[in-house]
Amino acid sequence: MSEDLATWLGDMTPSDGPAWLDAWRASARERARALGVPGSKQEAWRYTNPRRLFEQPYGDGAARLATEALAPLLIPGLEADRVVLVNGRYAPEHSRLGALPEGVRIGSLARLLAEDPAAVRPHLGALADDATALFPALNAAGGADGLVLLLAPGARLERPLELLHVTTGETPTLAQPRHLIVLGEDAEARLIERYVGLDTATAHCTNGVLEISLGAGARLEHERLQREAPESFHLSTLYLCQQARSHYQGVNIGLGGRWARTDIKARFAAPAAECVLHGLYLSGDGQLIDYHLDVDHGVPDCNSVELFKGILYGQGRAVFDGRVFVAQDAQRTDAAMTNRNLMLSERAEVDSKPQLEINADDVKCSHGTTVGQIDPQMLFYLRARGIPEATARRMLCLGFAEEIIARLGDEALRAQVATLVGDRLEAAPLD
Amino acid sequence: MTSTPAVEDIVGSEYEHGFTTDIESDTLPPGLDEDVIRAISARKGEPEFMTEWRLKAYRHWLTMTPPQWGEVDHPPIDFQAISYYSAPKRPEDGPKSLDEVDPALLETYEKLGIPIEEQKALAGVAVDAVFDSVSVATTFRETLAEAGVIFCSISEAVHAYPELVKQYLGSVVPHTDNYFACLNAAVFSDGTFVYIPEGVRCPMELSTYFRINARNTGQFERTLIVAEAGSYVSYLEGCTAPQRDENQLHAAVVELVVLDDAEIKYSTVQNWYPGDAQGRGGIYNFVTKRGDCRGARSKISWTQVETGSAITWKYPSCLLRGEGAVGEFYSVAVTRGRQQADTGTKMIHLGPNTSSTIVSKGISAGEGRQTYRGLVRIGQRAANARNYTQCDSLLIGDRCTANTVPYIEVKHPSANMEHEATTSKISDDQLFYCRARGLDEEDAVSMIVNGFCKEVFNELPMEFAVEAQKLLSISLEGAVG
């Protein structure tokens, strides 16, 4: 097994950083070796085979991005501070941070580990603690950089923070960013996390980990827009831990990559918190978009909503694997999980597994899945009004997507996503 | 709660080993190897092809490992500690009369309204010849023979209809299917064979209950039902009363084959001994049930009411091959005490215009653990397939568990598939409403639960439905408040 991981793990060289960091990385390395590449017999990998990720060599990804290359990647009209990572490494020349309010710390993980490791130590790996997940372990062993966003109690980001990942280069690179987002009590922030790939023919790989910790009463709006290059692999694991009365709202838009897998592991640590997860995915020719949600209601009085919608065309595939767990003491839990899919072609495939595990009795939990196609009556209605069939189909698909797009926090982002989805549908063979 | 300790006395641990250690002339000693298989086959006087069939299954079984994925806990089963053949027991093994039977068990029978002679049969009392189903059964047999329906034990069928057995046995659930089905193929004791000829509507509901020699078919039962084109049969399995049984492991296989325009309606009421308050000694019910809708417009409808067994592990499934085939699954499962159930269905849509309906109602009380596990797969050629799934769980008490694990795999755009699941408890409002109208809490709960299960009970044959309702009320007695 471990030969497969050799290209990923490389040689372990001691860093200049503190000893605990090296020890932490070494233990992740051992864990990854012991786990090996998962096969389809493992429930979490039932529908996806990650083997091909290990079949190609990866370069060190030390490419630079020309200054003028950034502009086309930006979202017009988006007012935000910006942190840019190129191939998983912090790129200060592209980043732009205004004057930060008091109690806000934004920086590169690599830099903080070198300059002030004590500030990072309590958070690094604090949430990403599951011993069975290979990719987070690989990230811990091999990842070097990422964003650190620390908000002191009561601090508030005045402008959203855009976290832009750019992958570039003519040979495949492996980017393993690791982000730490810690909001103190009653702190508030909005984070826009974007992934953009530049080289359409190269099979880059991104394996990201986010650890998000929300203090009591903290609020985070988190928008994630994944637009990797068509041949790329994208893996992202988000660990979320919420204290009392905190609120997390996440919108996941998955458009790019040959294979994109997103794991979200959300956990309530104290009562009366709320977690809202929305998602929209568009899977076309040869693509596989893969979402795995795991929402753990370990304490009473928390609410969670999971609503994921997908459009599939061509040979697109999608997997939705959601799990809501309610512990014995988690009374008065309210959880609703929904997955809706629109299938537009003969060769598309969707595998959906919305799972509930309930150990408390005073709960309101539901899940629902639908797979269907465009309603012929709606199509007829539009055609009767002189709209050509292809246009009508696109309109109906966009209408289906709108429910999720509308959750995005500002007009610039909504317009961008609507345009991207519209363009994809324009190019799609909607037969 | 009255029934649990009562049943314990009757069917509890004292029987668990009692009958098998005492080697009688017609009981094989515990253990399993090729000689045991040959011995079983020889004792049943089976033709060569059956012996080979069993051996092939046994050899394959040796290469398999017990499944680990179920949401059930039990100590590893020692397959060498089981006796795989025991001739039907002599009447003197059981209690001599109802006086020797635990009064609490009789009370349960009383509540179910079971006639006295049937009570004897269920409690294992030696039944006198008058009731021994002979009169009833002979009449049935004559009527069936007139219609051309074959209804006999598998052992009988192996001799009388070897061609049919060869053609269909193992064709739906091959011995390679899963661990327990494979074991069953190697050692199955007996079971039921039903064959409905073309165009025949079976004149009556068939039930194992009325078949002669149906008792003690043992732990490795095998059922095969073949419905030729245009035929119809309704088959009832099991019985609502708690049944005495000394075998802890039950690994049955049920195979249904349905040809063009034919329909099989298969209803099960399962109420095996669930074990004592700590869950000791209950039956492990590991069943493989599958129907193959081979013909166009064929239909299979599974209805099950599962209230017994310490562990239930079963997924009655439908392979919808024929164009326009229909699969249905209606289930009520109750777990209480320490019972565990991992049950559900698989609907595999292969042919065009196929449709399936799944309605699953799970009730979990006490420390019961329950999992609905279902698969709906819509294949690449299954144009216009339609599925509707609803699985609801009702939780009574704060120490029980309800899991829902649906798998939905769709490979055709014209598929229409809906899945819904809810989990809730009996609301205080509902209870208050009933109590305000003078019902006591237990009756109110029983009424609400019966309402919750109504969609499934409606699918049961009439008399079964009435019994199932009563059974449910009794099962939940003492679970509330």
# chains A, B, ... in the order shown; residues from 1 in each chain; ligands from 1

$ interface_residues --of "chain A" --to "chain B" --cutoff "9 Å" --atoms "only C-alpha atoms" --output "ChimeraX atom specification"
/A:43,312-313,319,321,323,325,328-329,331,338,342-373

$ select_by_dssp --residues "segment 72-213 of chain A" --states "strand (DSSP E)" --output "MDAnalysis selection string"
chainID A and resid 81:86 89:90 104:108 147:151 161:167 174:175 178:183 188:197 205:213

$ write_last_selection --atoms "C-alpha atoms" --output "PDB file, in the first residue's frame"
ATOM      1  CA  ASP A  81     -10.232  41.529   1.210  1.00  0.00           C
ATOM      2  CA  ARG A  82      -8.234  38.868  -0.498  1.00  0.00           C
ATOM      3  CA  VAL A  83      -5.799  36.122   0.330  1.00  0.00           C
ATOM      4  CA  VAL A  84      -4.395  34.294  -2.676  1.00  0.00           C
ATOM      5  CA  LEU A  85      -2.738  30.896  -2.649  1.00  0.00           C
ATOM      6  CA  VAL A  86      -0.917  29.710  -5.734  1.00  0.00           C
ATOM      7  CA  ARG A  89       1.206  28.454  -1.121  1.00  0.00           C
ATOM      8  CA  TYR A  90       0.464  31.898   0.174  1.00  0.00           C
ATOM      9  CA  VAL A 104      -8.580  40.150  13.792  1.00  0.00           C
ATOM     10  CA  ARG A 105      -5.558  38.229  12.681  1.00  0.00           C
ATOM     11  CA  ILE A 106      -5.147  37.089   9.100  1.00  0.00           C
ATOM     12  CA  GLY A 107      -2.012  35.420   7.890  1.00  0.00           C
ATOM     13  CA  SER A 108      -0.261  32.589   6.211  1.00  0.00           C
ATOM     14  CA  LEU A 147      -4.873  30.687   5.747  1.00  0.00           C
ATOM     15  CA  VAL A 148      -5.101  31.433   9.409  1.00  0.00           C
ATOM     16  CA  LEU A 149      -8.035  33.586  10.381  1.00  0.00           C
ATOM     17  CA  LEU A 150      -8.345  34.305  14.073  1.00  0.00           C
ATOM     18  CA  LEU A 151     -11.064  36.526  15.460  1.00  0.00           C
ATOM     19  CA  LEU A 161     -12.556  37.752   3.101  1.00  0.00           C
ATOM     20  CA  GLU A 162     -11.937  36.095  -0.202  1.00  0.00           C
ATOM     21  CA  LEU A 163      -9.684  33.058  -0.126  1.00  0.00           C
ATOM     22  CA  LEU A 164      -8.619  32.390  -3.681  1.00  0.00           C
ATOM     23  CA  HIS A 165      -6.797  29.210  -4.657  1.00  0.00           C
ATOM     24  CA  VAL A 166      -5.147  29.243  -8.043  1.00  0.00           C
ATOM     25  CA  THR A 167      -3.648  26.100  -9.515  1.00  0.00           C
ATOM     26  CA  LEU A 174      -0.144  18.705  -5.647  1.00  0.00           C
ATOM     27  CA  ALA A 175      -1.529  21.511  -3.506  1.00  0.00           C
ATOM     28  CA  ARG A 178      -4.677  23.816   5.337  1.00  0.00           C
ATOM     29  CA  HIS A 179      -6.834  26.567   6.764  1.00  0.00           C
ATOM     30  CA  LEU A 180      -7.565  27.425  10.354  1.00  0.00           C
ATOM     31  CA  ILE A 181     -10.557  29.601  11.023  1.00  0.00           C
ATOM     32  CA  VAL A 182     -11.273  30.366  14.631  1.00  0.00           C
ATOM     33  CA  LEU A 183     -14.036  32.738  15.650  1.00  0.00           C
ATOM     34  CA  GLU A 188     -18.676  37.483  12.936  1.00  0.00           C
ATOM     35  CA  ALA A 189     -17.162  36.907   9.529  1.00  0.00           C
ATOM     36  CA  ARG A 190     -17.911  36.070   5.958  1.00  0.00           C
ATOM     37  CA  LEU A 191     -15.500  33.902   4.000  1.00  0.00           C
ATOM     38  CA  ILE A 192     -15.581  33.342   0.260  1.00  0.00           C
ATOM     39  CA  GLU A 193     -13.474  30.328  -0.614  1.00  0.00           C
ATOM     40  CA  ARG A 194     -12.720  29.886  -4.296  1.00  0.00           C
ATOM     41  CA  TYR A 195     -10.761  27.371  -6.324  1.00  0.00           C
ATOM     42  CA  VAL A 196      -9.697  28.238  -9.847  1.00  0.00           C
ATOM     43  CA  GLY A 197      -7.627  26.115 -12.214  1.00  0.00           C
ATOM     44  CA  CYS A 205      -4.573  17.805  -7.517  1.00  0.00           C
ATOM     45  CA  THR A 206      -5.800  19.871  -4.590  1.00  0.00           C
ATOM     46  CA  ASN A 207      -6.201  18.214  -1.215  1.00  0.00           C
ATOM     47  CA  GLY A 208      -7.385  20.859   1.219  1.00  0.00           C
ATOM     48  CA  VAL A 209      -8.385  20.753   4.862  1.00  0.00           C
ATOM     49  CA  LEU A 210     -10.292  23.418   6.748  1.00  0.00           C
ATOM     50  CA  GLU A 211     -10.724  23.510  10.473  1.00  0.00           C
ATOM     51  CA  ILE A 212     -13.419  25.921  11.499  1.00  0.00           C
ATOM     52  CA  SER A 213     -14.208  26.556  15.113  1.00  0.00           C
TER      53      SER A 213
END

$ residues_around --residues "segment 255-265 of chain B" --least-positions-apart "3" --cutoff "9 Å" --atoms "only C-alpha atoms" --output "VMD selection string"
chain B and resid 168 to 173 198 to 199 222 to 236 288 to 303 322 325

$ write_last_selection --atoms "C-alpha atoms" --output "compact mmCIF listing (two decimals), in the first residue's frame"
# COMPACT_ATOMS: atom_id res chain seq x y z
CA TYR B 168 -35.58 -22.92 -10.24
CA LEU B 169 -33.83 -23.77 -6.97
CA GLY B 170 -31.01 -21.32 -6.43
CA SER B 171 -31.84 -19.40 -9.59
CA VAL B 172 -32.87 -16.28 -7.67
CA VAL B 173 -30.64 -16.56 -4.64
CA GLU B 198 -50.08 -20.82 -16.25
CA GLY B 199 -53.24 -18.79 -15.98
CA ARG B 222 -36.04 -22.82 2.15
CA THR B 223 -39.05 -21.60 0.24
CA LEU B 224 -39.44 -21.59 -3.52
CA ILE B 225 -42.51 -20.19 -5.23
CA VAL B 226 -42.90 -20.20 -9.00
CA ALA B 227 -45.78 -18.35 -10.62
CA GLU B 228 -46.19 -19.17 -14.30
CA ALA B 229 -47.55 -16.64 -16.79
CA GLY B 230 -50.83 -15.07 -15.81
CA SER B 231 -51.09 -16.77 -12.44
CA TYR B 232 -51.66 -15.36 -8.97
CA VAL B 233 -50.95 -16.55 -5.48
CA SER B 234 -51.07 -15.06 -2.04
CA TYR B 235 -48.74 -16.74 0.40
CA LEU B 236 -48.75 -16.28 4.15
CA THR B 288 -32.46 -13.87 2.44
CA LYS B 289 -35.64 -13.20 0.53
CA ARG B 290 -35.66 -12.29 -3.09
CA GLY B 291 -38.18 -12.25 -5.88
CA ASP B 292 -37.36 -12.25 -9.55
CA CYS B 293 -39.93 -10.51 -11.74
CA ARG B 294 -38.79 -12.22 -14.93
CA GLY B 295 -41.89 -11.67 -16.97
CA ALA B 296 -43.43 -8.55 -18.44
CA ARG B 297 -45.96 -6.91 -16.17
CA SER B 298 -45.15 -9.33 -13.39
CA LYS B 299 -45.58 -8.26 -9.80
CA ILE B 300 -44.23 -9.11 -6.40
CA SER B 301 -45.58 -7.65 -3.23
CA TRP B 302 -43.78 -8.24 0.06
CA THR B 303 -45.59 -7.38 3.25
CA GLY B 322 -39.59 -7.72 -17.15
CA ALA B 325 -42.77 -5.21 -13.65

$ residues_around --residues "segment 28-36 of chain A" --least-positions-apart "2" --cutoff "8 Å" --atoms "only C-alpha atoms" --output "ChimeraX atom specification"
/A:1-2,4-5,9,24-26,38,131-135,137-138,140-141

$ closest_atom_pairs --of "segment 150-230 of chain B" --to "segment 32-36 of chain B" --cutoff "12 Å" --atoms "only C-alpha atoms" --output "CSV"
residue,atom,partner,partner_atom,distance
B:Leu183,CA,B:Leu32,CA,10.2
B:Ala186,CA,B:Glu34,CA,9.4
B:Val187,CA,B:Val36,CA,8.6
B:Phe188,CA,B:Val36,CA,11.9

$ write_last_selection --atoms "C-alpha atoms" --output "short mmCIF file (atom, residue, chain, number, x, y, z; two decimals), in the first residue's frame"
data_model
loop_
_atom_site.label_atom_id
_atom_site.label_comp_id
_atom_site.auth_asym_id
_atom_site.auth_seq_id
_atom_site.Cartn_x
_atom_site.Cartn_y
_atom_site.Cartn_z
CA LEU B 183 -24.94 -21.89 4.51
CA ALA B 186 -25.55 -26.41 2.04
CA VAL B 187 -27.62 -27.55 4.97
CA PHE B 188 -31.24 -26.52 4.42
#

$ residues_around --residues "Leu164 of chain B" --least-positions-apart "6" --cutoff "9 Å" --atoms "only C-alpha atoms" --output "number ranges by chain"
B: 157-158, 195

$ write_last_selection --atoms "C-alpha atoms" --output "mmCIF file, in the first residue's frame"
data_model
loop_
_atom_site.group_PDB
_atom_site.id
_atom_site.type_symbol
_atom_site.label_atom_id
_atom_site.label_comp_id
_atom_site.auth_asym_id
_atom_site.auth_seq_id
_atom_site.Cartn_x
_atom_site.Cartn_y
_atom_site.Cartn_z
ATOM 1 C CA ALA B 157 -40.694 -31.652 -4.469
ATOM 2 C CA VAL B 158 -37.124 -32.855 -4.919
ATOM 3 C CA TYR B 195 -45.900 -23.955 -8.240
#

$ atom_distance --atom1 "atom CA of Pro271 of chain A" --atom2 "atom CA of Ser246 of chain A"
9.1 Å

$ residues_around --residues "Ala415 of chain A" --least-positions-apart "3" --cutoff "12 Å" --atoms "only C-alpha atoms" --output "MDAnalysis selection string"
chainID A and resid 75:78 402 405:412 418:422

$ write_last_selection --atoms "C-alpha atoms" --output "PDB file, in the first residue's frame"
ATOM      1  CA  ILE A  75     -15.183  38.364  -9.597  1.00  0.00           C
ATOM      2  CA  PRO A  76     -16.301  41.699 -10.993  1.00  0.00           C
ATOM      3  CA  GLY A  77     -17.862  43.903  -8.399  1.00  0.00           C
ATOM      4  CA  LEU A  78     -16.919  41.782  -5.414  1.00  0.00           C
ATOM      5  CA  GLU A 402     -31.724  29.379  -8.320  1.00  0.00           C
ATOM      6  CA  ILE A 405     -27.735  30.493  -5.878  1.00  0.00           C
ATOM      7  CA  ALA A 406     -30.081  32.817  -3.996  1.00  0.00           C
ATOM      8  CA  ARG A 407     -28.368  31.789  -0.738  1.00  0.00           C
ATOM      9  CA  LEU A 408     -25.112  33.394  -1.776  1.00  0.00           C
ATOM     10  CA  GLY A 409     -24.333  36.489   0.201  1.00  0.00           C
ATOM     11  CA  ASP A 410     -24.066  39.195  -2.421  1.00  0.00           C
ATOM     12  CA  GLU A 411     -25.154  40.178  -5.859  1.00  0.00           C
ATOM     13  CA  ALA A 412     -21.697  39.969  -7.457  1.00  0.00           C
ATOM     14  CA  ALA A 418     -25.538  32.175 -12.389  1.00  0.00           C
ATOM     15  CA  THR A 419     -23.355  33.060 -15.373  1.00  0.00           C
ATOM     16  CA  LEU A 420     -21.078  30.074 -14.830  1.00  0.00           C
ATOM     17  CA  VAL A 421     -23.982  27.678 -14.521  1.00  0.00           C
ATOM     18  CA  GLY A 422     -25.685  29.262 -17.521  1.00  0.00           C
TER      19      GLY A 422
END

$ residues_around --residues "Leu431 of chain B" --least-positions-apart "5" --cutoff "8 Å" --atoms "only C-alpha atoms" --output "PDB file with C-alpha atoms, in the first residue's frame"
ATOM      1  CA  ILE B 426     -45.590  10.275  19.510  1.00  0.00           C
ATOM      2  CA  GLU B 441     -52.348   6.296  27.869  1.00  0.00           C
ATOM      3  CA  ALA B 444     -53.964   5.971  23.146  1.00  0.00           C
ATOM      4  CA  VAL B 445     -50.439   4.916  22.227  1.00  0.00           C
TER       5      VAL B 445
END

$ closest_residue --among "B:Ile37, B:Val194, B:Ala145, B:Ser331" --to "Ile363 of chain B" --atoms "only C-alpha atoms"
B:Ser331
